[in-house]
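**Student:** CSV, C-alpha atoms, saved as data_38.csv, coming up:
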chain,number,residue,atom,x,y,z
A,299,MET,CA,43.3,14.8,26.5
A,300,ASN,CA,40.3,12.5,26.4
A,301,CYS,CA,39.7,10.5,23.2
A,302,PRO,CA,38.0,13.0,20.8
A,303,ASN,CA,35.1,12.4,18.5
A,304,TRP,CA,37.1,11.6,15.3
A,305,GLU,CA,34.0,11.4,13.1
A,306,ARG,CA,33.1,15.0,14.0
A,307,LEU,CA,36.6,16.3,13.8
A,308,LEU,CA,37.4,14.8,10.4
A,309,ALA,CA,34.0,15.8,9.0
A,310,LEU,CA,34.8,19.4,10.0
A,311,ARG,CA,38.2,19.3,8.4
A,312,GLU,CA,36.8,18.0,5.2
A,313,THR,CA,34.7,21.1,4.9
A,314,GLY,CA,37.8,23.2,5.3
A,315,VAL,CA,37.3,24.2,8.9
A,316,GLU,CA,40.2,23.7,11.3
A,317,PRO,CA,38.7,22.5,14.6
A,318,ALA,CA,40.2,24.3,17.5
A,319,GLU,CA,41.2,21.1,19.2
A,320,TRP,CA,42.8,19.6,16.1
A,321,LYS,CA,46.4,20.0,17.0
A,322,GLU,CA,45.9,18.4,20.4
A,323,ALA,CA,43.9,15.6,18.9
A,324,ARG,CA,46.7,15.0,16.4
A,325,GLN,CA,49.2,14.7,19.2
A,326,HIS,CA,46.8,12.4,21.0
A,327,LEU,CA,47.0,9.9,18.1
A,328,ALA,CA,50.6,9.0,18.9
A,329,ASP,CA,49.7,8.0,22.5
A,330,CYS,CA,46.4,6.2,22.0
A,331,PRO,CA,46.3,3.0,20.0
A,332,THR,CA,42.5,2.9,20.1
A,333,CYS,CA,42.2,6.4,18.6
A,334,ARG,CA,44.8,5.5,15.9
A,335,ARG,CA,42.7,2.5,14.8
A,336,VAL,CA,39.5,4.5,14.7
A,337,ALA,CA,41.0,7.6,13.1
A,338,LEU,CA,43.0,5.7,10.4
A,339,ALA,CA,39.9,3.6,9.5
A,340,ARG,CA,38.1,6.9,8.8
A,341,ASP,CA,41.0,8.7,7.2
A,342,PRO,CA,44.1,6.6,6.2
A,343,MET,CA,46.0,9.8,5.4
A,344,LEU,CA,46.4,10.3,9.2
A,345,LEU,CA,49.0,7.6,8.9
A,346,PHE,CA,51.5,10.4,8.1
A,347,ALA,CA,50.4,12.7,10.9
A,348,GLY,CA,52.5,10.7,13.3
A,349,LEU,CA,55.8,11.5,11.5
A,350,ARG,CA,58.1,13.6,13.6
A,351,PRO,CA,61.0,15.8,12.7
A,352,LEU,CA,64.3,14.0,12.2
A,353,HIS,CA,66.4,13.7,15.3
A,354,LEU,CA,69.8,15.2,14.8
A,355,ALA,CA,72.8,14.7,17.1
A,356,PRO,CA,74.3,17.9,18.5
A,357,ALA,CA,77.5,17.3,16.4
A,358,GLU,CA,75.4,17.2,13.3
A,359,LEU,CA,73.7,20.5,14.2
A,360,GLU,CA,77.0,22.1,14.8
A,361,ARG,CA,78.2,20.9,11.4
A,362,MET,CA,75.2,22.6,9.9
A,363,VAL,CA,76.0,25.8,11.8
A,364,ASP,CA,79.6,25.7,10.6
A,365,SER,CA,78.5,25.1,7.0
A,366,VAL,CA,76.1,27.9,6.9
A,367,ARG,CA,78.6,30.3,8.6
A,368,LEU,CA,81.1,29.5,5.9
A,369,LEU,CA,78.5,30.0,3.2
A,370,VAL,CA,77.5,33.3,4.7
A,371,ARG,CA,81.0,34.6,5.0
A,372,SER,CA,82.1,33.4,1.5
A,373,GLU,CA,79.1,35.0,-0.1
A,374,GLY,CA,79.6,38.2,1.8
A,375,PHE,CA,83.3,38.3,0.9
A,376,ARG,CA,82.6,37.7,-2.8
A,377,ARG,CA,80.1,40.5,-2.9
A,378,GLN,CA,82.4,42.9,-1.0
A,379,GLU,CA,85.2,42.2,-3.5
A,380,ARG,CA,82.9,42.9,-6.5
A,381,VAL,CA,81.7,46.2,-4.9
A,382,GLN,CA,85.3,47.3,-4.1
A,383,TRP,CA,86.5,46.5,-7.6
A,384,TRP,CA,83.8,48.4,-9.4
A,385,SER,CA,83.7,51.3,-7.0
A,386,ARG,CA,87.5,52.1,-7.4
A,387,GLY,CA,87.0,52.5,-11.2
A,388,SER,CA,89.9,50.2,-11.8
A,389,ALA,CA,87.7,47.8,-13.7
A,390,LYS,CA,86.7,50.6,-16.1
A,391,THR,CA,90.4,51.5,-16.5
A,392,ALA,CA,91.3,47.9,-17.2
A,393,LEU,CA,88.4,47.5,-19.7
A,394,ARG,CA,89.6,50.6,-21.5
A,395,ALA,CA,93.1,49.3,-21.5
A,396,ALA,CA,92.0,45.9,-22.6
A,397,ALA,CA,90.2,47.5,-25.5
A,398,VAL,CA,93.3,49.5,-26.4
A,399,ALA,CA,95.4,46.3,-26.3
A,400,GLY,CA,92.9,44.6,-28.5
A,401,LEU,CA,93.1,47.4,-31.0
A,402,ALA,CA,96.9,47.3,-30.9
A,403,LEU,CA,96.9,43.7,-31.7
A,404,LEU,CA,94.4,44.0,-34.5
A,405,SER,CA,96.0,47.1,-36.1
A,406,ASP,CA,99.5,45.9,-36.8
A,407,GLY,CA,99.9,42.5,-35.2
A,408,ARG,CA,103.1,43.4,-33.5
A,409,PHE,CA,102.4,40.9,-30.7
A,410,LEU,CA,101.2,38.0,-32.9
A,411,PRO,CA,103.5,35.0,-32.6
A,412,VAL,CA,105.0,35.1,-36.1
A,413,GLY,CA,108.7,35.1,-37.0
A,414,PRO,CA,110.3,38.2,-38.3
A,415,GLN,CA,109.6,39.0,-42.0
A,416,PRO,CA,112.4,40.0,-44.4
A,417,GLY,CA,112.5,43.8,-44.4
A,418,ALA,CA,110.1,44.1,-41.6
A,419,ALA,CA,110.6,46.5,-38.7
A,420,PRO,CA,112.2,44.8,-35.8
A,421,THR,CA,109.9,43.3,-33.3
A,422,PRO,CA,109.3,45.8,-30.5
A,423,GLN,CA,110.4,44.8,-27.1
A,424,VAL,CA,108.0,44.6,-24.2
A,425,PHE,CA,109.6,46.3,-21.3
A,426,PRO,CA,108.9,45.3,-17.7
A,427,ALA,CA,105.8,46.8,-16.2
A,428,VAL,CA,106.0,50.5,-15.6
A,429,GLU,CA,103.5,50.5,-12.8
A,430,ALA,CA,100.5,48.5,-11.5
A,431,VAL,CA,97.2,50.1,-12.4
A,432,GLU,CA,95.4,50.4,-9.0
A,433,SER,CA,95.3,46.7,-8.7
A,434,SER,CA,97.7,43.8,-8.4
A,435,ALA,CA,95.8,42.2,-11.3
A,436,ALA,CA,96.8,44.7,-14.0
A,437,ARG,CA,100.2,45.9,-15.3
A,438,LEU,CA,101.0,48.9,-17.4
A,439,TYR,CA,103.6,48.3,-20.1
A,440,GLN,CA,105.0,50.7,-22.6
A,441,LEU,CA,106.1,49.7,-26.0
A,442,GLY,CA,109.8,50.2,-26.9
A,443,ASP,CA,109.2,53.5,-28.7
A,444,GLY,CA,107.1,54.8,-25.8
A,445,GLN,CA,104.2,55.7,-28.1
A,446,LEU,CA,101.7,53.2,-26.8
A,447,ASP,CA,100.8,52.2,-23.3
A,448,VAL,CA,99.3,48.8,-22.9
A,449,VAL,CA,97.6,47.5,-19.8
A,450,LEU,CA,97.6,43.7,-19.5
A,451,ILE,CA,95.3,42.0,-17.1
A,452,VAL,CA,97.4,39.3,-15.6
A,453,ASP,CA,95.0,37.7,-13.0
A,454,ALA,CA,93.0,35.0,-14.7
A,455,GLY,CA,90.6,35.0,-11.8
A,456,LEU,CA,89.7,38.6,-12.2
A,457,ASP,CA,86.0,39.2,-12.7
A,458,VAL,CA,85.5,42.1,-15.2
B,243,MET,CA,68.9,38.6,13.6
B,244,ARG,CA,68.3,41.9,12.0
B,245,GLU,CA,71.3,43.2,13.9
B,246,ALA,CA,73.7,41.0,12.0
B,247,ASP,CA,74.2,38.8,14.9
B,248,GLU,CA,75.9,35.6,13.9
B,249,LEU,CA,75.2,34.1,17.3
B,250,ALA,CA,71.5,34.6,16.7
B,251,LEU,CA,71.8,32.9,13.3
B,252,ALA,CA,73.6,30.0,14.8
B,253,GLU,CA,70.9,29.5,17.4
B,254,LEU,CA,68.2,29.7,14.8
B,255,ILE,CA,70.0,27.0,12.8
B,256,ARG,CA,70.1,24.7,15.8
B,257,ARG,CA,66.4,25.1,16.5
B,258,LYS,CA,65.0,25.0,13.0
B,259,THR,CA,67.3,22.5,11.2
B,260,PRO,CA,65.5,19.3,12.4
B,261,GLY,CA,62.1,20.5,11.2
B,262,LEU,CA,63.3,22.0,8.0
B,263,LEU,CA,65.5,19.0,7.1
B,264,SER,CA,62.6,16.7,7.7
B,265,LEU,CA,60.3,18.7,5.5
B,266,VAL,CA,62.8,19.2,2.7
B,267,THR,CA,64.0,15.6,2.8
B,268,ARG,CA,60.4,14.4,2.4
B,269,MET,CA,59.9,16.8,-0.5
B,270,VAL,CA,63.0,16.0,-2.5
B,271,ARG,CA,63.5,12.5,-1.3
B,272,ASP,CA,67.3,12.8,-1.1
B,273,SER,CA,69.0,13.5,2.2
B,274,GLU,CA,72.2,15.1,0.7
B,275,GLU,CA,70.2,17.4,-1.6
B,276,ALA,CA,68.0,18.3,1.3
B,277,ARG,CA,71.0,19.3,3.4
B,278,ASP,CA,72.3,21.6,0.7
B,279,LEU,CA,68.8,23.2,0.3
B,280,VAL,CA,68.5,23.7,4.0
B,281,GLN,CA,71.9,25.4,4.1
B,282,ILE,CA,70.8,27.7,1.2
B,283,THR,CA,67.6,28.4,3.1
B,284,PHE,CA,69.6,29.8,6.1
B,285,LEU,CA,71.8,31.8,3.7
B,286,ARG,CA,68.8,33.3,2.0
B,287,LEU,CA,67.3,34.0,5.4
B,288,TRP,CA,70.4,35.8,6.5
B,289,GLU,CA,70.7,37.8,3.3
B,290,SER,CA,67.0,38.9,3.4
B,291,ARG,CA,66.8,39.6,7.2
B,292,GLU,CA,66.5,43.4,6.6
B,293,ARG,CA,63.5,42.8,4.3
B,294,TYR,CA,61.6,40.6,6.8
B,295,ASP,CA,57.9,41.4,6.7
B,296,SER,CA,56.6,41.2,10.2
B,297,ARG,CA,53.1,40.5,8.9
B,298,PHE,CA,54.3,36.9,8.6
B,299,SER,CA,55.4,34.8,11.5
B,300,PRO,CA,59.1,34.0,11.5
B,301,ASN,CA,58.2,30.3,11.1
B,302,THR,CA,56.1,31.0,8.0
B,303,TRP,CA,59.0,33.0,6.5
B,304,ILE,CA,61.5,30.3,7.1
B,305,TYR,CA,59.2,27.6,5.7
B,306,ARG,CA,58.4,29.7,2.7
B,307,ILE,CA,62.0,30.0,1.7
B,308,ALA,CA,62.7,26.3,2.3
B,309,THR,CA,59.6,25.1,0.5
B,310,ASN,CA,60.1,27.4,-2.5
B,311,LEU,CA,63.7,26.1,-2.8
B,312,ALA,CA,62.5,22.5,-2.7
B,313,ILE,CA,59.8,23.1,-5.2
B,314,ASP,CA,62.3,24.8,-7.6
B,315,HIS,CA,64.7,22.0,-7.1
B,316,LEU,CA,62.2,19.4,-7.9
B,317,ARG,CA,61.2,21.2,-11.1
B,318,THR,CA,64.7,21.5,-12.4
B,319,ARG,CA,65.9,18.1,-11.4
B,320,SER,CA,66.5,16.2,-14.6
B,321,SER,CA,65.9,12.7,-13.5
B,322,ARG,CA,63.8,11.0,-10.8
B,323,GLU,CA,64.8,7.8,-9.0
B,324,ARG,CA,62.2,5.2,-8.6
B,325,VAL,CA,62.0,4.1,-5.0
B,326,ALA,CA,62.1,0.4,-4.5
B,327,GLU,CA,59.4,-1.4,-2.5
B,328,PRO,CA,61.3,-2.7,0.5
B,329,LEU,CA,58.3,-2.5,2.8
B,330,ARG,CA,56.2,-4.8,0.6
B,331,PHE,CA,59.0,-7.3,0.5
B,332,GLU,CA,59.3,-7.3,4.3
B,333,LEU,CA,55.6,-7.8,4.7
B,334,LEU,CA,55.7,-10.8,2.3
B,335,ARG,CA,58.6,-12.3,4.3
B,336,GLY,CA,56.7,-12.0,7.6
B,337,GLY,CA,55.4,-15.2,9.1
B,338,ASP,CA,52.4,-13.6,10.7
B,339,SER,CA,49.2,-14.7,8.9
B,340,SER,CA,46.9,-12.1,10.5
B,341,PRO,CA,46.1,-9.0,8.4
B,342,PRO,CA,48.7,-6.2,8.9
B,343,ASP,CA,47.5,-3.3,11.0
B,344,LEU,CA,48.1,0.2,9.6
B,345,SER,CA,48.0,1.6,13.1
B,346,LYS,CA,51.0,-0.5,14.1
B,347,LEU,CA,53.4,0.4,11.4
B,348,GLU,CA,56.7,1.7,12.6
B,349,LEU,CA,57.6,5.3,11.8
B,350,ARG,CA,60.5,4.2,9.6
B,351,GLU,CA,58.2,2.2,7.4
B,352,VAL,CA,55.6,5.0,7.3
B,353,GLU,CA,58.4,7.3,6.0
B,354,ARG,CA,59.2,4.8,3.2
B,355,ILE,CA,55.5,4.5,2.2
B,356,LEU,CA,55.2,8.3,2.1
B,357,SER,CA,58.4,8.7,0.1
B,358,GLU,CA,57.2,6.1,-2.4
B,359,LEU,CA,53.6,7.4,-2.8
B,360,ALA,CA,54.5,11.1,-2.8
B,361,GLU,CA,56.6,10.5,-6.0
B,362,ARG,CA,53.3,10.7,-7.9
B,363,LEU,CA,52.4,14.2,-6.6
B,364,THR,CA,53.4,17.5,-8.3
B,365,PRO,CA,55.8,19.6,-6.2
B,366,ARG,CA,53.0,21.9,-5.1
B,367,GLN,CA,50.7,19.1,-4.1
B,368,ARG,CA,53.5,17.5,-2.2
B,369,ALA,CA,54.3,20.7,-0.4
B,370,CYS,CA,50.7,21.3,0.5
B,371,PHE,CA,50.2,17.7,1.8
B,372,LEU,CA,53.5,17.7,3.8
B,373,LEU,CA,52.9,21.1,5.3
B,374,ARG,CA,49.3,20.4,6.4
B,375,GLU,CA,49.1,16.7,7.1
B,376,VAL,CA,52.6,16.0,8.3
B,377,GLU,CA,53.9,19.3,9.7
B,378,GLY,CA,50.4,20.2,11.0
B,379,LEU,CA,50.1,23.7,9.7
B,380,THR,CA,46.6,25.1,9.2
B,381,THR,CA,45.3,25.7,5.7
B,382,ALA,CA,45.8,29.5,6.2
B,383,GLU,CA,49.4,28.9,7.3
B,384,VAL,CA,50.1,26.7,4.3
B,385,ALA,CA,48.6,29.4,2.0
B,386,GLU,CA,51.0,32.0,3.6
B,387,VAL,CA,54.0,29.7,3.1
B,388,LEU,CA,53.2,29.0,-0.5
B,389,GLY,CA,52.0,32.5,-1.3
B,390,CYS,CA,48.6,31.5,-2.6
B,391,ASP,CA,44.9,31.5,-1.7
B,392,GLU,CA,43.4,29.0,0.8
B,393,SER,CA,41.2,27.7,-2.0
B,394,THR,CA,44.3,26.9,-4.0
B,395,VAL,CA,45.7,25.0,-1.0
B,396,ARG,CA,42.4,23.1,-0.6
B,397,ASN,CA,42.5,22.2,-4.3
B,398,HIS,CA,46.1,20.9,-4.1
B,399,LEU,CA,45.2,19.0,-1.0
B,400,PHE,CA,42.2,17.4,-2.5
B,401,HIS,CA,44.2,16.1,-5.5
B,402,ALA,CA,47.1,15.0,-3.3
B,403,ARG,CA,44.9,13.1,-0.9
B,404,ARG,CA,43.0,11.4,-3.6
B,405,GLU,CA,46.2,10.3,-5.4
B,406,LEU,CA,47.8,9.1,-2.2
B,407,GLN,CA,44.7,7.1,-1.2
B,408,GLN,CA,44.5,5.5,-4.6
B,409,GLN,CA,48.2,4.6,-4.5
B,410,LEU,CA,47.9,3.3,-1.0
B,411,ALA,CA,45.0,1.1,-2.0
B,412,ARG,CA,46.8,-0.1,-5.1
B,413,ARG,CA,50.2,-0.8,-3.6
B,414,TYR,CA,49.2,-1.8,-0.1
B,415,PRO,CA,45.7,-3.3,-0.5
B,416,GLU,CA,46.3,-5.6,2.5
B,417,TYR,CA,46.1,-2.5,4.7
B,418,LEU,CA,43.1,-1.0,3.2
B,419,PRO,CA,40.6,-3.6,2.1
B,420,ALA,CA,37.7,-1.2,2.7
B,421,ILE,CA,39.1,1.8,0.8
B,422,PRO,CA,37.7,1.9,-2.8
B,423,LEU,CA,39.7,3.4,-5.6
B,424,GLY,CA,38.9,7.1,-5.8
B,425,GLY,CA,38.1,7.2,-2.1
B,426,THR,CA,37.1,10.4,-0.3
B,427,ALA,CA,39.5,13.2,0.3
If you convert what's in this file into structure tokens, what do you get?
**Tutor:**
Amino acid sequence: MNCPNWERLLALRETGVEPAEWKEARQHLADCPTCRRVALARDPMLLFAGLRPLHLAPAELERMVDSVRLLVRSEGFRRQERVQWWSRGSAKTALRAAAVAGLALLSDGRFLPVGPQPGAAPTPQVFPAVEAVESSAARLYQLGDGQLDVVLIVDAGLDV
Amino acid sequence: MREADELALAELIRRKTPGLLSLVTRMVRDSEEARDLVQITFLRLWESRERYDSRFSPNTWIYRIATNLAIDHLRTRSSRERVAEPLRFELLRGGDSSPPDLSKLELREVERILSELAERLTPRQRACFLLREVEGLTTAEVAEVLGCDESTVRNHLFHARRELQQQLARRYPEYLPAIPLGGTA
């Protein structure tokens, strides 16, 4: 490209018009010291027009690719887990069971960590889990008298 | 990329990372934060690929995500670091008695000046200036990226340019003896 008329180009730009040859003229700035002096004297902000994208080594680009791939997969996996958990209804079961367990605790305090009181009924034994409740994260227990089923959520990482 | 092709995503990352990283680094002025934001840009791109609106060019779409992330990041960042003035110190140390020439500054030094001066701009002003004056987008393209009118872009640019020129004249007067304070946009 021949050296453009910077006065005309910059006057047009100041009115909000984008001259058709502006992109080419901008690239020309990097190659022509004379044009750089003339253009910068007219508009010092053109100083920053010469900045180029960062150069990244191929290894750095591949690290970015790997990082994003990991991010995409971990986000996708997290969403899939949440969808599966809710869609199987096991979350609702666990919530109901947790509410029951909470009521059981509040109603007679049989599971509170206090010593046996004189004349009090013997502390009920908690038997091993009867069964898992649709998930490895929850266990169904029955109290010794078999009158109350309690589901305990045993996975601290479970998102309910 | 709509067809959930990870190879296409990887290729897009290789092509677009240098430009995006440059833009975001210049916006947030922190290379580590910029890398995180660019990664999130590609993640958001991937997650929203089904909703891509073909009225926008792919470039505009990518720049829009990255710019919005950078603007949000700037707004929520709790503290700002003051950039030292290493360039000025280097100039003072120089033995050359002739007036320094703006047209001969090395790109590395230009980056420092921009980083220092752009600190005074609002996030939107900074985005408009970088997209138009550094990245070379047209006013219409900048408006598409930022999701606003061209008149709003021109307004932001006017204020950004005025502030930068004033700061340039104030901090580096040896470069601009002819530029008065409040010079033209």
**Student:** Can you tell me which residues surround Thr283 of chain B at a distance of at most 12 Å, considering only C-alpha atoms, apart from same-chain residues fewer than 2 positions away, and format the answer as a ChimeraX atom specification?
**Tutor:** /A:362,366,369-370 /B:251,254-255,258-259,262-263,266,276-281,285-291,303-312
**Student:** Let me see the file: selected residues, C-alpha atoms, as an mmCIF file, in the frame of the given file.
**Tutor:**
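selection-v3.cif, written as the output of this step:
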data_model
loop_
_atom_site.group_PDB
_atom_site.id
_atom_site.type_symbol
_atom_site.label_atom_id
_atom_site.label_comp_id
_atom_site.auth_asym_id
_atom_site.auth_seq_id
_atom_site.Cartn_x
_atom_site.Cartn_y
_atom_site.Cartn_z
ATOM 1 C CA MET A 362 75.200 22.600 9.900
ATOM 2 C CA VAL A 366 76.100 27.900 6.900
ATOM 3 C CA LEU A 369 78.500 30.000 3.200
ATOM 4 C CA VAL A 370 77.500 33.300 4.700
ATOM 5 C CA LEU B 251 71.800 32.900 13.300
ATOM 6 C CA LEU B 254 68.200 29.700 14.800
ATOM 7 C CA ILE B 255 70.000 27.000 12.800
ATOM 8 C CA LYS B 258 65.000 25.000 13.000
ATOM 9 C CA THR B 259 67.300 22.500 11.200
ATOM 10 C CA LEU B 262 63.300 22.000 8.000
ATOM 11 C CA LEU B 263 65.500 19.000 7.100
ATOM 12 C CA VAL B 266 62.800 19.200 2.700
ATOM 13 C CA ALA B 276 68.000 18.300 1.300
ATOM 14 C CA ARG B 277 71.000 19.300 3.400
ATOM 15 C CA ASP B 278 72.300 21.600 0.700
ATOM 16 C CA LEU B 279 68.800 23.200 0.300
ATOM 17 C CA VAL B 280 68.500 23.700 4.000
ATOM 18 C CA GLN B 281 71.900 25.400 4.100
ATOM 19 C CA LEU B 285 71.800 31.800 3.700
ATOM 20 C CA ARG B 286 68.800 33.300 2.000
ATOM 21 C CA LEU B 287 67.300 34.000 5.400
ATOM 22 C CA TRP B 288 70.400 35.800 6.500
ATOM 23 C CA GLU B 289 70.700 37.800 3.300
ATOM 24 C CA SER B 290 67.000 38.900 3.400
ATOM 25 C CA ARG B 291 66.800 39.600 7.200
ATOM 26 C CA TRP B 303 59.000 33.000 6.500
ATOM 27 C CA ILE B 304 61.500 30.300 7.100
ATOM 28 C CA TYR B 305 59.200 27.600 5.700
ATOM 29 C CA ARG B 306 58.400 29.700 2.700
ATOM 30 C CA ILE B 307 62.000 30.000 1.700
ATOM 31 C CA ALA B 308 62.700 26.300 2.300
ATOM 32 C CA THR B 309 59.600 25.100 0.500
ATOM 33 C CA ASN B 310 60.100 27.400 -2.500
ATOM 34 C CA LEU B 311 63.700 26.100 -2.800
ATOM 35 C CA ALA B 312 62.500 22.500 -2.700
#
**Student:** How many Å separate atom CA of Glu375 of chain B from atom CA of Lys321 of chain A?
**Tutor:**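 Going from atom CA of Glu375 of chain B over to atom CA of Lys321 of chain A, I get 10.8 Å.
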**Student:** Anything within 9 Å of (62.4, 17.0, -0.1): list those residues as a ChimeraX atom specification, counting only C-alpha atoms and sticking to the file's coordinates.
**Tutor:** /B:263-273,275-276,279,309,312-313,315-316,369
**Student:** So that each row is one residue of chain B with an atom at most 8 Å from chain A, can you give its shortest atom pair and the distance in Å to one decimal, using only C-alpha atoms, rows by chain and rising number, as a tab-separated table?
**Tutor:**
residue	atom	partner	partner_atom	distance
B:Glu248	CA	A:Arg367	CA	8.0
B:Ala252	CA	A:Val363	CA	5.7
B:Ile255	CA	A:Val363	CA	6.2
B:Arg256	CA	A:Leu359	CA	5.8
B:Thr259	CA	A:Leu359	CA	7.3
B:Pro260	CA	A:Leu352	CA	5.4
B:Gly261	CA	A:Pro351	CA	5.1
B:Leu263	CA	A:Leu352	CA	7.2
B:Ser264	CA	A:Pro351	CA	5.3
B:Leu265	CA	A:Pro351	CA	7.8
B:Gln281	CA	A:Val366	CA	5.6
B:Ile282	CA	A:Val366	CA	7.8
B:Phe284	CA	A:Val366	CA	6.8
B:Leu285	CA	A:Val370	CA	6.0
B:Trp288	CA	A:Val370	CA	7.7
B:Leu344	CA	A:Leu345	CA	7.5
B:Ser345	CA	A:Arg335	CA	5.6
B:Leu349	CA	A:Leu349	CA	6.5
B:Val352	CA	A:Phe346	CA	6.8
B:Glu353	CA	A:Leu349	CA	7.4
B:Leu356	CA	A:Phe346	CA	7.4
B:Glu375	CA	A:Ala347	CA	5.7
B:Val376	CA	A:Ala347	CA	4.7
B:Glu377	CA	A:Ala347	CA	7.6
B:Gly378	CA	A:Lys321	CA	7.2
B:Thr380	CA	A:Glu316	CA	6.9
B:Thr381	CA	A:Glu316	CA	7.8
B:Arg396	CA	A:Gly314	CA	7.5
B:Arg403	CA	A:Met343	CA	7.2
B:Leu406	CA	A:Met343	CA	7.8
B:Gln407	CA	A:Met343	CA	7.2
B:Ala427	CA	A:Glu312	CA	7.4
**Student:** What does the structure give for the distance between atom CA of Asn397 of chain B and atom CA of Arg317 of chain B, in Å to one decimal?
**Tutor:**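 We find that atom CA of Asn397 of chain B and atom CA of Arg317 of chain B lie 19.9 Å from each other.
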**Student:** I'd like to know which of B:Arg293, B:Phe298, B:Asp247, B:Arg404 is closest to Arg362 of chain B, using all atoms listed in the file.
**Tutor:**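 With all atoms listed in the file as the atom set, the closest residue is B:Arg404.
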**Student:** Just give me the gap between atom CA of Asn300 of chain A and atom CA of Ala323 of chain A in Å, one decimal is fine.
**Tutor:**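 So the two atoms, atom CA of Asn300 of chain A and atom CA of Ala323 of chain A, lie 8.9 Å apart.
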**Student:** Could you add N, CA, C and O atoms to segment 256-268 of chain B and give me the result as a compact mmCIF listing (two decimals), in the frame of the given file?
**Tutor:**
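Written output follows (selection-v9.txt):
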# COMPACT_ATOMS: atom_id res chain seq x y z
N ARG B 256 70.27 25.88 14.90
CA ARG B 256 70.10 24.70 15.80
C ARG B 256 68.67 24.38 16.04
O ARG B 256 68.29 23.22 16.11
N ARG B 257 67.85 25.41 16.19
CA ARG B 257 66.40 25.10 16.50
C ARG B 257 65.64 24.67 15.31
O ARG B 257 64.76 23.82 15.42
N LYS B 258 65.93 25.22 14.15
CA LYS B 258 65.00 25.00 13.00
C LYS B 258 65.51 23.86 12.07
O LYS B 258 64.71 23.36 11.27
N THR B 259 66.78 23.47 12.17
CA THR B 259 67.30 22.50 11.20
C THR B 259 66.52 21.15 11.24
O THR B 259 66.17 20.64 10.17
N PRO B 260 66.20 20.57 12.42
CA PRO B 260 65.50 19.30 12.40
C PRO B 260 64.18 19.34 11.61
O PRO B 260 63.91 18.50 10.74
N GLY B 261 63.36 20.36 11.91
CA GLY B 261 62.10 20.50 11.20
C GLY B 261 62.23 20.75 9.74
O GLY B 261 61.56 20.14 8.91
N LEU B 262 63.13 21.67 9.41
CA LEU B 262 63.30 22.00 8.00
C LEU B 262 63.90 20.84 7.22
O LEU B 262 63.47 20.54 6.10
N LEU B 263 64.88 20.17 7.84
CA LEU B 263 65.50 19.00 7.10
C LEU B 263 64.49 17.92 6.90
O LEU B 263 64.48 17.30 5.83
N SER B 264 63.62 17.71 7.87
CA SER B 264 62.60 16.70 7.70
C SER B 264 61.67 17.04 6.53
O SER B 264 61.41 16.22 5.65
N LEU B 265 61.19 18.27 6.52
CA LEU B 265 60.30 18.70 5.50
C LEU B 265 60.94 18.60 4.10
O LEU B 265 60.39 18.02 3.16
N VAL B 266 62.15 19.17 3.99
CA VAL B 266 62.80 19.20 2.70
C VAL B 266 63.20 17.82 2.21
O VAL B 266 63.10 17.49 1.03
N THR B 267 63.64 16.98 3.15
CA THR B 267 64.00 15.60 2.80
C THR B 267 62.77 14.87 2.23
O THR B 267 62.85 14.15 1.23
N ARG B 268 61.63 15.07 2.89
CA ARG B 268 60.40 14.40 2.40
C ARG B 268 59.96 14.98 1.09
O ARG B 268 59.33 14.29 0.30
